[in-house]
Amino acid sequence: MAVYTRDMLSSRWRPLIGIGAAIVFIWIAAVAGFRLAANSRMTAEKVAAYVASVDLSKLSAEERARAIRELSEKLNAMSIEERRRARFERTALRWFEQMTEAEKGAFLEATMPAGFKQMLTSFEQLPEDKRQQAIDNALKRMREARARMSSEPSQALGRPDGGTNGPALSPELQAKIRTIGLQSFYSQSSAQTKAELAPVLEELQRVMESGRPFRR
C-alpha cells in the first residue's frame with residue numbers, strides 16, 4: 001500500500017516538476033539572451049574605444065580600408081540615440097581628419113542614412129516657411145538631446161565634458177542654405193563640411209520623416 005501511495009504521489013508531482021524545470025530553463029535562456037543582446041549592442045563608448053585603439057597612420061592602405069569599413073559598420077549598427085551621442089562626441093572625426101579625400105568620400109557615403117538623398121530632394125520642394133520650420137525643429141531636437149546627454153555621467157573617452165558640444169547651424173549658414181538650397185549647398189561642400197553638418201542633417205531627416213513640418 002505504501003508503495004502504491006508513493007507511486008501515486010510521484011505521478012502527481014512529475015508534471016509539476018517538469019513545468020518547474022521548463023520555467024527555470026526559460027528564465028535562464030531569457031537572462032542569457034538579454035545579456036547577449038546587451039553585450040552585442042553597439043554603443044558610442046564601444047566606437048570610441050575602437051577609434052582610440054587604432055592608429056590609422058601606422059596602417060597599410062589595405063588595413064586602413066578595412067579599419068574604416070569596420071568603423072562605418074559600427075556606426076550603422078547603432079540605435080538612433082547612440083548614433084546621436086557618437087555624432088555629438090565627434091568620435092569619427094578623430095579618424096576623419098587623417099583620411100584622404102577619397103577615404104572621406106567613401107566613409108561619408110557608407111555612413112549616410114538610408115533615404116538621405118531623397119530627404120534632400122523633399123526638403124527642397126517644401127515652401128520656404130516649412131523649410132525653416134524643419135530646420136528649427138531639427139535644431140531644437142539637437143539641443144534637447146545635447147541637454148539630456150550632458151546631464152548623464154560622461155563616458156566618452158578623452159572627453160571630460162562628454163563631448164556633446166556638437167556643431168549647429170549658424171544664422172549665416174542657414175541663410176546660405178535658404179539662398180542656394182540645401183541640396184546644392186551639400187553637393188558643393190567639402191567632405192570636412194559635410195562631416196561637420198552630419199548631426200544636423202541626420203536630425204533634419206528624422207524631422208522630415210516624422211512629418212512635423214507638414215503639420216499646422
# chains A, B, ... in the order shown; residues from 1 in each chain; ligands from 1
$ residues_around --residues "Gly105 (chain A)" --least-positions-apart "3" --cutoff "10 Å" --atoms "only C-alpha atoms" --output "PyMOL selection string"
chain A and resi 99-102+108-110+190-192+194-195
$ atom_distance --atom1 "CA of Phe107 (chain A)" --atom2 "CA of Lys74 (chain A)"
12.0 Å
$ closest_residue --among "A:Lys104, A:Glu196, A:Asp136, A:Ser122" --to "Arg64 (chain A)" --atoms "only C-alpha atoms"
A:Lys104
$ atom_distance --atom1 "CA of Phe123 (chain A)" --atom2 "CA of Gly211 (chain A)"
11.4 Å
$ atom_distance --atom1 "CA of Tyr50 (chain A)" --atom2 "CA of Glu144 (chain A)"
27.5 Å
$ residues_around --residues "Met78 (chain A)" --least-positions-apart "5" --cutoff "7 Å" --atoms "only C-alpha atoms" --output "PyMOL selection string"
chain A and resi 42-43+83
$ write_last_selection --atoms "N, CA and C atoms" --output "PDB file, in the first residue's frame"
ATOM      1  N   MET A  42      25.694  47.930 -30.128  1.00  0.00           N
ATOM      2  CA  MET A  42      26.746  48.878 -30.440  1.00  0.00           C
ATOM      3  C   MET A  42      26.462  50.204 -29.745  1.00  0.00           C
ATOM      4  N   THR A  43      27.454  50.717 -29.055  1.00  0.00           N
ATOM      5  CA  THR A  43      27.299  51.972 -28.315  1.00  0.00           C
ATOM      6  C   THR A  43      28.384  52.962 -28.729  1.00  0.00           C
ATOM      7  N   ARG A  83      23.770  56.774 -31.969  1.00  0.00           N
ATOM      8  CA  ARG A  83      24.355  57.462 -33.127  1.00  0.00           C
ATOM      9  C   ARG A  83      24.418  58.967 -32.868  1.00  0.00           C
TER      10      ARG A  83
END
$ closest_residue --among "A:Ile135, A:Gln118, A:Leu204, A:Arg84" --to "Arg148 (chain A)" --atoms "only C-alpha atoms"
A:Arg84
$ decode --residues "region 77-138 of chain A" --atoms "C-alpha atoms" --output "PDB file, in the first residue's frame"
ATOM      1  CA  ALA A  77      24.713  49.339 -36.308  1.00  0.00           C
ATOM      2  CA  MET A  78      23.880  51.951 -33.676  1.00  0.00           C
ATOM      3  CA  SER A  79      20.462  52.922 -32.393  1.00  0.00           C
ATOM      4  CA  ILE A  80      19.346  56.492 -33.109  1.00  0.00           C
ATOM      5  CA  GLU A  81      20.242  57.642 -29.599  1.00  0.00           C
ATOM      6  CA  GLU A  82      23.711  56.068 -29.649  1.00  0.00           C
ATOM      7  CA  ARG A  83      24.355  57.462 -33.127  1.00  0.00           C
ATOM      8  CA  ARG A  84      23.403  60.925 -31.842  1.00  0.00           C
ATOM      9  CA  ARG A  85      25.847  60.517 -28.997  1.00  0.00           C
ATOM     10  CA  ALA A  86      28.659  59.414 -31.293  1.00  0.00           C
ATOM     11  CA  ARG A  87      27.941  62.346 -33.622  1.00  0.00           C
ATOM     12  CA  PHE A  88      27.878  64.865 -30.786  1.00  0.00           C
ATOM     13  CA  GLU A  89      31.049  63.440 -29.302  1.00  0.00           C
ATOM     14  CA  ARG A  90      32.629  63.771 -32.761  1.00  0.00           C
ATOM     15  CA  THR A  91      34.168  60.340 -32.333  1.00  0.00           C
ATOM     16  CA  ALA A  92      34.604  59.556 -36.028  1.00  0.00           C
ATOM     17  CA  LEU A  93      36.176  62.958 -36.726  1.00  0.00           C
ATOM     18  CA  ARG A  94      39.327  61.819 -34.917  1.00  0.00           C
ATOM     19  CA  TRP A  95      39.909  59.487 -37.855  1.00  0.00           C
ATOM     20  CA  PHE A  96      38.204  61.635 -40.461  1.00  0.00           C
ATOM     21  CA  GLU A  97      40.836  64.347 -40.229  1.00  0.00           C
ATOM     22  CA  GLN A  98      43.525  61.755 -41.030  1.00  0.00           C
ATOM     23  CA  MET A  99      41.706  60.314 -44.056  1.00  0.00           C
ATOM     24  CA  THR A 100      42.489  61.086 -47.659  1.00  0.00           C
ATOM     25  CA  GLU A 101      39.823  62.832 -49.736  1.00  0.00           C
ATOM     26  CA  ALA A 102      38.916  59.509 -51.361  1.00  0.00           C
ATOM     27  CA  GLU A 103      38.608  57.829 -47.967  1.00  0.00           C
ATOM     28  CA  LYS A 104      36.486  60.692 -46.650  1.00  0.00           C
ATOM     29  CA  GLY A 105      34.105  60.432 -49.604  1.00  0.00           C
ATOM     30  CA  ALA A 106      33.751  56.678 -49.226  1.00  0.00           C
ATOM     31  CA  PHE A 107      33.229  56.981 -45.469  1.00  0.00           C
ATOM     32  CA  LEU A 108      30.517  59.629 -45.842  1.00  0.00           C
ATOM     33  CA  GLU A 109      28.744  57.570 -48.486  1.00  0.00           C
ATOM     34  CA  ALA A 110      28.904  54.432 -46.323  1.00  0.00           C
ATOM     35  CA  THR A 111      27.540  56.147 -43.196  1.00  0.00           C
ATOM     36  CA  MET A 112      24.833  58.163 -44.934  1.00  0.00           C
ATOM     37  CA  PRO A 113      21.403  57.158 -43.541  1.00  0.00           C
ATOM     38  CA  ALA A 114      19.045  55.341 -45.884  1.00  0.00           C
ATOM     39  CA  GLY A 115      16.858  57.795 -47.763  1.00  0.00           C
ATOM     40  CA  PHE A 116      19.196  60.732 -47.134  1.00  0.00           C
ATOM     41  CA  LYS A 117      19.311  61.895 -50.751  1.00  0.00           C
ATOM     42  CA  GLN A 118      15.540  61.574 -51.067  1.00  0.00           C
ATOM     43  CA  MET A 119      15.223  63.719 -47.940  1.00  0.00           C
ATOM     44  CA  LEU A 120      17.299  66.481 -49.548  1.00  0.00           C
ATOM     45  CA  THR A 121      15.046  66.439 -52.600  1.00  0.00           C
ATOM     46  CA  SER A 122      11.878  66.514 -50.471  1.00  0.00           C
ATOM     47  CA  PHE A 123      13.281  69.343 -48.362  1.00  0.00           C
ATOM     48  CA  GLU A 124      13.926  71.462 -51.461  1.00  0.00           C
ATOM     49  CA  GLN A 125      10.311  71.008 -52.543  1.00  0.00           C
ATOM     50  CA  LEU A 126       8.909  72.472 -49.310  1.00  0.00           C
ATOM     51  CA  PRO A 127       7.786  76.120 -49.123  1.00  0.00           C
ATOM     52  CA  GLU A 128      10.343  78.407 -47.516  1.00  0.00           C
ATOM     53  CA  ASP A 129       8.420  78.684 -44.232  1.00  0.00           C
ATOM     54  CA  LYS A 130       8.222  74.888 -43.969  1.00  0.00           C
ATOM     55  CA  ARG A 131      11.941  74.542 -44.672  1.00  0.00           C
ATOM     56  CA  GLN A 132      12.708  76.983 -41.883  1.00  0.00           C
ATOM     57  CA  GLN A 133      10.300  75.170 -39.583  1.00  0.00           C
ATOM     58  CA  ALA A 134      12.018  71.851 -40.336  1.00  0.00           C
ATOM     59  CA  ILE A 135      15.441  73.352 -39.581  1.00  0.00           C
ATOM     60  CA  ASP A 136      14.163  74.934 -36.361  1.00  0.00           C
ATOM     61  CA  ASN A 137      12.669  71.604 -35.254  1.00  0.00           C
ATOM     62  CA  ALA A 138      15.908  69.774 -36.033  1.00  0.00           C
TER      63      ALA A 138
END
